[in-house]
file data-v4.cif (mmCIF, C-alpha atoms)
data_final
loop_
_atom_site.group_PDB
_atom_site.id
_atom_site.type_symbol
_atom_site.label_atom_id
_atom_site.label_comp_id
_atom_site.auth_asym_id
_atom_site.auth_seq_id
_atom_site.Cartn_x
_atom_site.Cartn_y
_atom_site.Cartn_z
ATOM 1 C CA ARG A 1 12.628 -11.546 -8.052
ATOM 2 C CA PRO A 2 13.965 -10.201 -4.730
ATOM 3 C CA PRO A 3 16.533 -12.511 -3.140
ATOM 4 C CA SER A 4 15.156 -14.239 -0.053
ATOM 5 C CA ALA A 5 18.215 -15.871 1.512
ATOM 6 C CA ASN A 6 20.017 -14.678 4.657
ATOM 7 C CA GLN A 7 17.135 -12.635 6.052
ATOM 8 C CA PHE A 8 16.337 -12.807 9.763
ATOM 9 C CA GLY A 9 16.391 -10.524 12.772
ATOM 10 C CA PHE A 10 17.020 -10.065 16.471
ATOM 11 C CA ALA A 11 15.205 -7.809 18.904
ATOM 12 C CA ALA A 12 15.507 -7.170 22.628
ATOM 13 C CA ARG A 13 13.476 -5.027 25.018
ATOM 14 C CA TYR A 14 14.427 -3.712 28.424
ATOM 15 C CA LYS A 15 12.347 -1.864 30.991
ATOM 16 C CA PRO A 16 14.271 -0.670 34.042
ATOM 17 C CA ASP A 17 12.623 -1.091 37.425
ATOM 18 C CA ASN A 18 10.552 1.913 38.491
ATOM 19 C CA ALA A 19 11.026 3.474 35.046
ATOM 20 C CA ASN A 20 8.277 4.881 32.872
ATOM 21 C CA ALA A 21 9.973 3.879 29.638
ATOM 22 C CA GLU A 22 10.846 0.729 27.706
ATOM 23 C CA TRP A 23 13.971 0.504 25.546
ATOM 24 C CA GLY A 24 14.237 -1.611 22.431
ATOM 25 C CA PHE A 25 17.192 -2.719 20.310
ATOM 26 C CA TYR A 26 17.106 -4.616 17.039
ATOM 27 C CA TYR A 27 19.228 -5.882 14.175
ATOM 28 C CA LEU A 28 17.940 -6.982 10.776
ATOM 29 C CA PRO A 29 19.949 -8.324 7.830
ATOM 30 C CA TYR A 30 17.852 -8.095 4.671
ATOM 31 C CA ASN A 31 17.763 -7.731 0.902
ATOM 32 C CA ASP A 32 16.022 -4.908 -0.938
ATOM 33 C CA LYS A 33 12.420 -5.559 -1.993
ATOM 34 C CA ILE A 34 12.177 -2.661 -4.465
ATOM 35 C CA PRO A 35 14.364 -3.064 -7.565
ATOM 36 C CA PHE A 36 16.596 -0.577 -9.322
ATOM 37 C CA VAL A 37 16.995 -0.557 -13.109
ATOM 38 C CA GLY A 38 20.437 -1.188 -14.606
ATOM 39 C CA PHE A 39 21.372 -1.078 -18.290
ATOM 40 C CA VAL A 40 23.478 -3.084 -20.716
ATOM 41 C CA ASN A 41 25.088 -1.514 -23.791
ATOM 42 C CA ASP A 42 25.512 -4.343 -26.283
ATOM 43 C CA PRO A 43 25.830 -3.870 -30.080
ATOM 44 C CA GLY A 44 24.105 -7.242 -30.442
ATOM 45 C CA ILE A 45 20.862 -5.777 -29.087
ATOM 46 C CA THR A 46 18.816 -4.704 -32.103
ATOM 47 C CA ASP A 47 15.459 -3.939 -30.467
ATOM 48 C CA ASN A 48 16.366 -0.242 -30.318
ATOM 49 C CA PRO A 49 18.826 2.023 -32.165
ATOM 50 C CA PHE A 50 20.957 2.529 -29.027
ATOM 51 C CA GLY A 51 21.782 -1.136 -28.421
ATOM 52 C CA LEU A 52 20.509 -0.864 -24.851
ATOM 53 C CA GLY A 53 18.931 -3.533 -22.702
ATOM 54 C CA TYR A 54 17.886 -3.316 -19.085
ATOM 55 C CA PHE A 55 17.746 -5.538 -16.024
ATOM 56 C CA LEU A 56 16.389 -5.309 -12.480
ATOM 57 C CA GLN A 57 18.791 -5.103 -9.563
ATOM 58 C CA TYR A 58 18.106 -5.754 -5.892
ATOM 59 C CA GLY A 59 20.494 -4.606 -3.206
ATOM 60 C CA ARG A 60 21.832 -7.575 -1.250
ATOM 61 C CA SER A 61 23.332 -8.164 2.179
ATOM 62 C CA ARG A 62 21.885 -5.054 3.790
ATOM 63 C CA ASN A 63 22.046 -4.453 7.540
ATOM 64 C CA LEU A 64 19.715 -2.417 9.727
ATOM 65 C CA PHE A 65 20.593 -1.448 13.311
ATOM 66 C CA GLY A 66 18.078 0.344 15.492
ATOM 67 C CA ALA A 67 17.167 1.510 18.969
ATOM 68 C CA SER A 68 13.852 2.794 20.293
ATOM 69 C CA VAL A 69 12.290 4.079 23.484
ATOM 70 C CA ASN A 70 8.618 4.307 24.441
ATOM 71 C CA GLY A 71 7.048 5.827 27.514
ATOM 72 C CA ASN A 72 4.678 8.437 28.877
ATOM 73 C CA ILE A 73 5.088 12.105 29.658
ATOM 74 C CA GLY A 74 2.007 12.987 31.651
ATOM 75 C CA ASP A 75 -0.982 11.880 29.596
ATOM 76 C CA TRP A 76 1.052 11.787 26.386
ATOM 77 C CA ALA A 77 2.438 8.525 24.985
ATOM 78 C CA VAL A 78 5.841 9.310 23.475
ATOM 79 C CA GLY A 79 8.112 7.166 21.336
ATOM 80 C CA ALA A 80 11.425 7.728 19.571
ATOM 81 C CA GLU A 81 13.506 5.609 17.218
ATOM 82 C CA LEU A 82 16.951 5.871 15.651
ATOM 83 C CA SER A 83 18.121 3.512 12.901
ATOM 84 C CA TYR A 84 21.301 3.119 10.860
ATOM 85 C CA ARG A 85 21.945 1.386 7.540
ATOM 86 C CA PRO A 86 25.632 1.102 6.529
ATOM 87 C CA LYS A 87 24.509 0.547 2.929
ATOM 88 C CA ASP A 88 21.284 1.947 1.510
ATOM 89 C CA GLY A 89 20.572 1.871 -2.203
ATOM 90 C CA VAL A 90 20.412 5.271 -3.939
ATOM 91 C CA GLY A 91 19.009 5.099 -7.469
ATOM 92 C CA ILE A 92 20.957 6.485 -10.427
ATOM 93 C CA ASP A 93 19.994 6.785 -14.107
ATOM 94 C CA PRO A 94 22.803 5.839 -16.531
ATOM 95 C CA THR A 95 20.718 7.044 -19.482
ATOM 96 C CA VAL A 96 21.083 10.698 -18.413
ATOM 97 C CA PRO A 97 24.847 11.499 -18.739
ATOM 98 C CA LEU A 98 26.317 12.107 -22.170
ATOM 99 C CA GLU A 99 29.849 11.251 -21.020
ATOM 100 C CA GLY A 100 31.729 9.660 -18.162
ATOM 101 C CA PRO A 101 31.718 6.258 -16.441
ATOM 102 C CA TYR A 102 27.956 6.312 -15.848
ATOM 103 C CA CYS A 103 26.969 7.049 -19.456
ATOM 104 C CA ALA A 104 25.150 3.959 -20.739
ATOM 105 C CA PHE A 105 25.196 5.323 -24.315
ATOM 106 C CA CYS A 106 28.932 5.909 -24.441
ATOM 107 C CA ALA A 107 30.463 2.434 -24.629
ATOM 108 C CA PRO A 108 29.527 -1.260 -24.450
ATOM 109 C CA GLY A 109 29.276 -2.549 -20.909
ATOM 110 C CA THR A 110 27.047 -3.034 -17.883
ATOM 111 C CA TYR A 111 25.793 0.011 -15.999
ATOM 112 C CA VAL A 112 24.369 -0.411 -12.503
ATOM 113 C CA GLY A 113 21.166 1.294 -11.410
ATOM 114 C CA TYR A 114 22.192 2.306 -7.892
ATOM 115 C CA VAL A 115 25.052 3.224 -5.602
ATOM 116 C CA ASP A 116 25.275 2.622 -1.861
ATOM 117 C CA ALA A 117 25.304 5.283 0.844
ATOM 118 C CA LYS A 118 25.105 5.302 4.627
ATOM 119 C CA LYS A 119 21.716 6.290 6.041
ATOM 120 C CA TRP A 120 20.526 7.447 9.450
ATOM 121 C CA GLN A 121 16.824 7.914 10.194
ATOM 122 C CA ALA A 122 15.153 9.267 13.328
ATOM 123 C CA HIS A 123 11.504 9.511 14.447
ATOM 124 C CA LEU A 124 9.761 11.201 17.349
ATOM 125 C CA THR A 125 6.090 10.302 17.850
ATOM 126 C CA THR A 126 3.467 11.300 20.381
ATOM 127 C CA ILE A 127 -0.102 10.043 20.826
ATOM 128 C CA TYR A 128 -2.692 11.649 23.052
ATOM 129 C CA LEU A 129 -6.122 10.234 23.880
ATOM 130 C CA LEU A 130 -8.482 13.161 24.222
ATOM 131 C CA GLY A 131 -10.974 13.091 27.073
ATOM 132 C CA PRO A 132 -13.229 15.719 28.665
ATOM 133 C CA SER A 133 -10.923 16.178 31.679
ATOM 134 C CA GLY A 134 -7.503 15.922 29.990
ATOM 135 C CA ASP A 135 -5.009 18.559 28.880
ATOM 136 C CA LEU A 136 -7.049 19.255 25.737
ATOM 137 C CA GLY A 137 -10.471 18.703 27.275
ATOM 138 C CA GLY A 138 -11.495 22.250 26.389
ATOM 139 C CA LEU A 139 -10.879 21.554 22.688
ATOM 140 C CA LEU A 140 -12.920 18.371 22.888
ATOM 141 C CA ARG A 141 -15.836 20.042 24.641
ATOM 142 C CA GLY A 142 -15.737 22.976 22.240
ATOM 143 C CA LEU A 143 -16.112 20.604 19.297
ATOM 144 C CA GLY A 144 -18.886 18.635 21.004
ATOM 145 C CA ALA A 145 -17.078 15.295 20.752
ATOM 146 C CA ALA A 146 -17.030 12.549 23.370
ATOM 147 C CA GLU A 147 -13.416 11.486 22.876
ATOM 148 C CA GLY A 148 -10.657 11.588 20.305
ATOM 149 C CA THR A 149 -7.107 10.761 19.298
ATOM 150 C CA LEU A 150 -4.269 13.115 18.413
ATOM 151 C CA LEU A 151 -1.083 11.847 16.773
ATOM 152 C CA MET A 152 1.974 13.890 15.813
ATOM 153 C CA GLU A 153 5.252 12.694 14.362
ATOM 154 C CA ALA A 154 8.488 14.343 13.245
ATOM 155 C CA ALA A 155 11.121 12.454 11.273
ATOM 156 C CA ALA A 156 14.461 13.060 9.593
ATOM 157 C CA ALA A 157 16.613 11.116 7.123
ATOM 158 C CA TYR A 158 20.363 11.772 6.877
ATOM 159 C CA TYR A 159 22.863 10.464 4.324
ATOM 160 C CA PRO A 160 26.230 11.661 5.706
ATOM 161 C CA SER A 161 28.356 10.353 2.830
ATOM 162 C CA LEU A 162 26.044 11.274 -0.063
ATOM 163 C CA ASP A 163 28.185 12.508 -2.968
ATOM 164 C CA ARG A 164 26.705 15.787 -4.234
ATOM 165 C CA SER A 165 29.584 16.612 -6.580
ATOM 166 C CA GLY A 166 27.560 15.712 -9.681
ATOM 167 C CA ARG A 167 29.542 12.534 -10.279
ATOM 168 C CA TYR A 168 26.474 10.317 -10.011
ATOM 169 C CA PRO A 169 23.316 10.839 -12.127
ATOM 170 C CA TYR A 170 20.906 10.419 -9.223
ATOM 171 C CA LEU A 171 17.439 9.216 -10.153
ATOM 172 C CA LEU A 172 14.997 12.006 -9.305
ATOM 173 C CA PRO A 173 12.048 12.976 -11.509
ATOM 174 C CA ASN A 174 13.336 16.539 -12.027
ATOM 175 C CA TYR A 175 17.035 15.495 -12.195
ATOM 176 C CA GLU A 176 18.114 17.701 -9.294
ATOM 177 C CA LEU A 177 20.557 16.523 -6.634
ATOM 178 C CA PRO A 178 19.100 14.951 -3.493
ATOM 179 C CA THR A 179 20.112 16.424 -0.152
ATOM 180 C CA LYS A 180 21.946 14.793 2.734
ATOM 181 C CA LEU A 181 19.297 15.859 5.274
ATOM 182 C CA SER A 182 15.538 15.810 4.765
ATOM 183 C CA THR A 183 12.706 16.198 7.275
ATOM 184 C CA GLY A 184 8.945 15.815 7.512
ATOM 185 C CA LEU A 185 5.916 15.918 9.789
ATOM 186 C CA ALA A 186 2.781 13.814 10.210
ATOM 187 C CA PHE A 187 -0.425 14.836 12.000
ATOM 188 C CA GLU A 188 -3.679 13.030 12.685
ATOM 189 C CA LEU A 189 -6.754 14.120 14.598
ATOM 190 C CA ALA A 190 -9.845 11.951 15.046
ATOM 191 C CA LEU A 191 -12.953 12.900 17.052
ATOM 192 C CA VAL A 192 -15.652 10.451 18.082
ATOM 193 C CA TYR A 193 -19.353 11.391 18.069
ATOM 194 C CA PRO A 194 -21.275 8.415 19.505
ATOM 195 C CA HIS A 195 -24.945 7.825 18.615
ATOM 196 C CA ALA A 196 -24.890 10.574 16.012
ATOM 197 C CA PHE A 197 -28.237 12.290 15.518
ATOM 198 C CA GLY A 198 -29.822 9.957 18.055
ATOM 199 C CA SER A 199 -29.002 6.832 16.034
ATOM 200 C CA SER A 200 -26.921 3.736 16.827
ATOM 201 C CA ILE A 201 -24.161 4.947 14.512
ATOM 202 C CA ASN A 202 -20.863 6.298 15.860
ATOM 203 C CA VAL A 203 -19.297 8.888 13.554
ATOM 204 C CA THR A 204 -15.590 9.753 13.620
ATOM 205 C CA PRO A 205 -14.386 12.652 11.461
ATOM 206 C CA GLN A 206 -10.641 12.394 10.898
ATOM 207 C CA ILE A 207 -7.929 14.473 9.246
ATOM 208 C CA ASP A 208 -4.482 13.145 8.270
ATOM 209 C CA ILE A 209 -1.718 15.484 7.098
ATOM 210 C CA LEU A 210 1.758 14.607 5.824
ATOM 211 C CA TYR A 211 4.131 17.485 5.082
ATOM 212 C CA ASP A 212 7.759 17.320 3.987
ATOM 213 C CA ILE A 213 9.492 20.325 5.531
ATOM 214 C CA SER A 214 12.983 20.439 4.074
ATOM 215 C CA GLY A 215 15.339 18.599 1.772
ATOM 216 C CA THR A 216 14.707 15.930 -0.856
ATOM 217 C CA SER A 217 15.643 12.364 0.059
ATOM 218 C CA PRO A 218 17.389 10.085 -2.425
ATOM 219 C CA ASN A 219 14.776 8.082 -4.375
ATOM 220 C CA THR A 220 12.238 10.678 -3.030
ATOM 221 C CA ILE A 221 11.828 8.337 -0.027
ATOM 222 C CA PRO A 222 10.769 9.439 2.492
ATOM 223 C CA PHE A 223 10.759 13.215 1.877
ATOM 224 C CA VAL A 224 10.419 15.786 -0.942
ATOM 225 C CA LYS A 225 10.583 19.426 0.145
ATOM 226 C CA GLY A 226 7.144 21.071 0.088
ATOM 227 C CA ARG A 227 5.221 17.875 -0.677
ATOM 228 C CA ALA A 228 1.930 17.552 1.200
ATOM 229 C CA THR A 229 -0.769 14.914 1.468
ATOM 230 C CA ILE A 230 -4.063 15.802 3.150
ATOM 231 C CA THR A 231 -6.780 13.200 3.759
ATOM 232 C CA PRO A 232 -10.040 14.205 5.466
ATOM 233 C CA SER A 233 -12.332 11.267 6.123
ATOM 234 C CA LEU A 234 -15.585 10.238 7.769
ATOM 235 C CA ASN A 235 -15.665 6.917 9.591
ATOM 236 C CA PHE A 236 -18.880 5.169 10.577
ATOM 237 C CA GLU A 237 -19.388 2.272 13.018
ATOM 238 C CA TYR A 238 -22.690 0.487 13.628
ATOM 239 C CA LEU A 239 -23.197 -2.002 16.461
ATOM 240 C CA ASN A 240 -19.471 -2.812 16.390
ATOM 241 C CA LYS A 241 -20.065 -4.921 13.262
ATOM 242 C CA TRP A 242 -20.553 -2.627 10.285
ATOM 243 C CA ARG A 243 -17.826 -0.106 9.466
ATOM 244 C CA ALA A 244 -17.482 2.331 6.591
ATOM 245 C CA GLN A 245 -15.069 5.078 5.588
ATOM 246 C CA LEU A 246 -15.468 7.865 3.041
ATOM 247 C CA ALA A 247 -12.194 9.683 2.345
ATOM 248 C CA TYR A 248 -10.689 12.221 -0.043
ATOM 249 C CA THR A 249 -6.918 12.417 -0.557
ATOM 250 C CA ASN A 250 -5.268 15.551 -1.932
ATOM 251 C CA TYR A 251 -1.635 15.649 -3.120
ATOM 252 C CA SER A 252 0.203 18.930 -3.601
ATOM 253 C CA GLY A 253 3.625 20.576 -3.543
ATOM 254 C CA GLY A 254 6.993 19.053 -4.284
ATOM 255 C CA ALA A 255 7.065 20.424 -7.857
ATOM 256 C CA GLY A 256 8.438 17.954 -10.395
ATOM 257 C CA ASN A 257 9.608 15.480 -7.764
ATOM 258 C CA ASN A 258 6.042 14.765 -6.620
ATOM 259 C CA LEU A 259 4.614 12.388 -9.211
ATOM 260 C CA LEU A 260 1.327 12.140 -7.283
ATOM 261 C CA ARG A 261 0.503 15.844 -7.281
ATOM 262 C CA ASP A 262 -2.263 15.431 -9.918
ATOM 263 C CA ARG A 263 -3.678 12.139 -8.612
ATOM 264 C CA ASP A 264 -6.235 13.148 -5.981
ATOM 265 C CA PHE A 265 -8.813 10.461 -5.324
ATOM 266 C CA ILE A 266 -11.937 9.600 -3.352
ATOM 267 C CA SER A 267 -12.296 6.231 -1.656
ATOM 268 C CA LEU A 268 -15.176 4.343 -0.020
ATOM 269 C CA ASN A 269 -14.616 1.262 2.140
ATOM 270 C CA VAL A 270 -17.274 -0.891 3.796
ATOM 271 C CA SER A 271 -16.629 -3.889 6.054
ATOM 272 C CA PHE A 272 -18.637 -6.297 8.182
ATOM 273 C CA ALA A 273 -17.291 -8.284 11.146
ATOM 274 C CA PHE A 274 -18.892 -11.607 12.071
#
call {"tool": "encode", "arguments": {"input": "data-v4.cif", "output": "structure tokens"}}
result
Amino acid sequence: RPPSANQFGFAARYKPDNANAEWGFYYLPYNDKIPFVGFVNDPGITDNPFGLGYFLQYGRSRNLFGASVNGNIGDWAVGAELSYRPKDGVGIDPTVPLEGPYCAFCAPGTYVGYVDAKKWQAHLTTIYLLGPSGDLGGLLRGLGAAEGTLLMEAAAAYYPSLDRSGRYPYLLPNYELPTKLSTGLAFELALVYPHAFGSSINVTPQIDILYDISGTSPNTIPFVKGRATITPSLNFEYLNKWRAQLAYTNYSGGAGNNLLRDRDFISLNVSFAF
């Protein structure tokens, strides 16, 4: 079970007079919620011929420092965030090496499932509300929609001290080395067609795209080079009470490090507000 002690946070916001931006600063001590798997080599374990047992490990006493800024550039809402973790857990697999200090098969002992590394992460996000008279009004009119929303985000993760010498058996599905820098993009476009076909139903076609541009992050979070997720959907709203969504999600790219690449799915959600 994840440890729950010593977790809290502080946040502060500041908006200078006559400024079109708000600054935010935060600090969060926390413990990992996703476990890593460590191993024990003990001749007394007879459940398997290797004498191996396993246990779950959660990183403790983590610290997260961050700063953000949000504002407007013309009609575009723009936000940026930079965060730093002095210790971030990077998964390793002691069952892979055939020799060395991280070889769980080589000698009795306890073998941890992760090592710590410094992590920086940055985001840049923009949201634009499409209207007939705005910067992209021509696109809206050309598609026959009444209004819409456009979201774009770019992000990067950087592990400056990541050891790529081959000393650590990093846990990646295809056993390659993760990279210090990895980047990705997100895109969303939604268009609203009110009273579709003369009915009381508002229809909103939407497309969401996630694409990992470069590098493979440790633990494959958040990026795997070439990995893409595309989700087209149709959203329906009736009298502001009934809502439904029909969506198809396609996973592709990322080669052996993308474990979802063959798990496309269709989803249908219906809700009623009262």
call {"tool": "residues_around", "arguments": {"input": "data-v4.cif", "residues": "segment 59-75 of chain A", "least_positions_apart": "6", "cutoff": "8 Å", "atoms": "all atoms listed in the file", "output": "MDAnalysis selection string"}}
result
chainID A and resid 3 6 20:32 35 81:89 128:129 134:135
call {"tool": "residues_around", "arguments": {"input": "data-v4.cif", "residues": "Ala186 of chain A", "least_positions_apart": "5", "cutoff": "6 Å", "atoms": "only C-alpha atoms", "output": "list in words"}}
result
Met152, Glu153, Ile209 and Leu210 of chain A
call {"tool": "residues_around", "arguments": {"input": "data-v4.cif", "residues": "Thr125 of chain A", "least_positions_apart": "3", "cutoff": "8 Å", "atoms": "all atoms listed in the file", "output": "list in words"}}
result
Val78, Gly79, Ala80, Leu151, Met152, Glu153 and Ala154 of chain A
call {"tool": "resolve_selection", "arguments": {"input": "data-v4.cif", "expression": "the PyMOL selection byres ((chain A and resi 40) around 7)", "output": "list of chain:residue names"}}
result
A:Phe39, A:Asn41, A:Asp42, A:Leu52, A:Gly53, A:Tyr54, A:Gly109, A:Thr110, A:Tyr111
call {"tool": "atom_distance", "arguments": {"input": "data-v4.cif", "atom1": "atom CA of Pro178 of chain A", "atom2": "atom CA of Thr216 of chain A"}}
result
5.2 Å
call {"tool": "closest_residue", "arguments": {"input": "data-v4.cif", "among": "A:Gly113, A:Gly198, A:Gly131, A:Gly184", "to": "Leu143 of chain A", "atoms": "only C-alpha atoms"}}
result
A:Gly131
call {"tool": "closest_residue", "arguments": {"input": "data-v4.cif", "among": "A:Asn235, A:Tyr114, A:Gly226, A:Asp208", "to": "Asn250 of chain A", "atoms": "all atoms listed in the file"}}
result
A:Asp208
call {"tool": "closest_residue", "arguments": {"input": "data-v4.cif", "among": "A:Leu191, A:Ile213, A:Leu246, A:Leu181", "to": "Arg227 of chain A", "atoms": "all atoms listed in the file"}}
result
A:Ile213
call {"tool": "closest_residue", "arguments": {"input": "data-v4.cif", "among": "A:Thr204, A:Gln57, A:Ser199, A:Asn18", "to": "Leu234 of chain A", "atoms": "all atoms listed in the file"}}
result
A:Thr204
call {"tool": "build_atoms", "arguments": {"input": "data-v4.cif", "residues": "segment 162-171 of chain A", "atoms": "all heavy atoms", "output": "compact mmCIF listing (two decimals), in the frame of the given file"}}
result
# COMPACT_ATOMS: atom_id res chain seq x y z
N LEU A 162 26.63 11.09 1.27
CA LEU A 162 26.04 11.27 -0.06
C LEU A 162 26.92 12.20 -0.91
O LEU A 162 27.21 13.34 -0.50
CB LEU A 162 24.63 11.86 0.06
CG LEU A 162 23.82 11.94 -1.23
CD1 LEU A 162 23.41 10.54 -1.70
CD2 LEU A 162 22.58 12.81 -1.03
N ASP A 163 27.33 11.74 -2.07
CA ASP A 163 28.18 12.51 -2.97
C ASP A 163 27.34 13.46 -3.80
O ASP A 163 26.57 13.05 -4.66
CB ASP A 163 28.95 11.55 -3.89
CG ASP A 163 30.03 12.26 -4.71
OD1 ASP A 163 29.91 13.48 -4.93
OD2 ASP A 163 30.98 11.59 -5.15
N ARG A 164 27.47 14.76 -3.52
CA ARG A 164 26.70 15.79 -4.23
C ARG A 164 27.58 16.56 -5.24
O ARG A 164 27.25 17.67 -5.62
CB ARG A 164 26.06 16.74 -3.24
CG ARG A 164 24.91 16.14 -2.47
CD ARG A 164 24.31 17.08 -1.43
NE ARG A 164 24.18 18.44 -1.87
CZ ARG A 164 23.15 18.92 -2.58
NH1 ARG A 164 22.17 18.10 -2.92
NH2 ARG A 164 23.13 20.18 -2.94
N SER A 165 28.67 15.94 -5.66
CA SER A 165 29.58 16.61 -6.58
C SER A 165 29.07 16.63 -8.01
O SER A 165 29.62 17.35 -8.86
CB SER A 165 30.95 15.93 -6.54
OG SER A 165 30.87 14.60 -7.07
N GLY A 166 28.04 15.85 -8.32
CA GLY A 166 27.56 15.71 -9.68
C GLY A 166 28.13 14.51 -10.38
O GLY A 166 27.83 14.25 -11.56
N ARG A 167 28.94 13.73 -9.68
CA ARG A 167 29.54 12.53 -10.28
C ARG A 167 28.50 11.50 -10.65
O ARG A 167 28.62 10.84 -11.69
CB ARG A 167 30.56 11.93 -9.30
CG ARG A 167 31.19 10.64 -9.77
CD ARG A 167 32.04 10.02 -8.68
NE ARG A 167 32.62 8.75 -9.10
CZ ARG A 167 33.23 7.90 -8.30
NH1 ARG A 167 33.34 8.18 -7.01
NH2 ARG A 167 33.72 6.76 -8.76
N TYR A 168 27.49 11.34 -9.79
CA TYR A 168 26.47 10.32 -10.01
C TYR A 168 25.19 10.95 -10.56
O TYR A 168 24.72 11.97 -10.05
CB TYR A 168 26.14 9.60 -8.71
CG TYR A 168 27.31 8.88 -8.09
CD1 TYR A 168 27.87 9.31 -6.90
CD2 TYR A 168 27.86 7.75 -8.69
CE1 TYR A 168 28.94 8.65 -6.32
CE2 TYR A 168 28.93 7.08 -8.13
CZ TYR A 168 29.47 7.55 -6.94
OH TYR A 168 30.53 6.89 -6.38
N PRO A 169 24.60 10.34 -11.59
CA PRO A 169 23.32 10.84 -12.13
C PRO A 169 22.15 10.30 -11.29
O PRO A 169 21.47 9.35 -11.67
CB PRO A 169 23.30 10.28 -13.55
CG PRO A 169 24.06 8.99 -13.44
CD PRO A 169 25.13 9.22 -12.40
N TYR A 170 21.94 10.92 -10.13
CA TYR A 170 20.91 10.42 -9.22
C TYR A 170 19.54 10.42 -9.89
O TYR A 170 19.21 11.31 -10.68
CB TYR A 170 20.87 11.27 -7.95
CG TYR A 170 22.09 11.10 -7.07
CD1 TYR A 170 22.89 12.18 -6.76
CD2 TYR A 170 22.43 9.85 -6.56
CE1 TYR A 170 24.02 12.03 -5.95
CE2 TYR A 170 23.55 9.69 -5.75
CZ TYR A 170 24.34 10.79 -5.45
OH TYR A 170 25.44 10.63 -4.67
N LEU A 171 18.75 9.41 -9.52
CA LEU A 171 17.44 9.22 -10.15
C LEU A 171 16.38 9.98 -9.38
O LEU A 171 15.84 9.51 -8.38
CB LEU A 171 17.09 7.72 -10.19
CG LEU A 171 15.74 7.34 -10.81
CD1 LEU A 171 15.67 7.80 -12.26
CD2 LEU A 171 15.52 5.84 -10.71
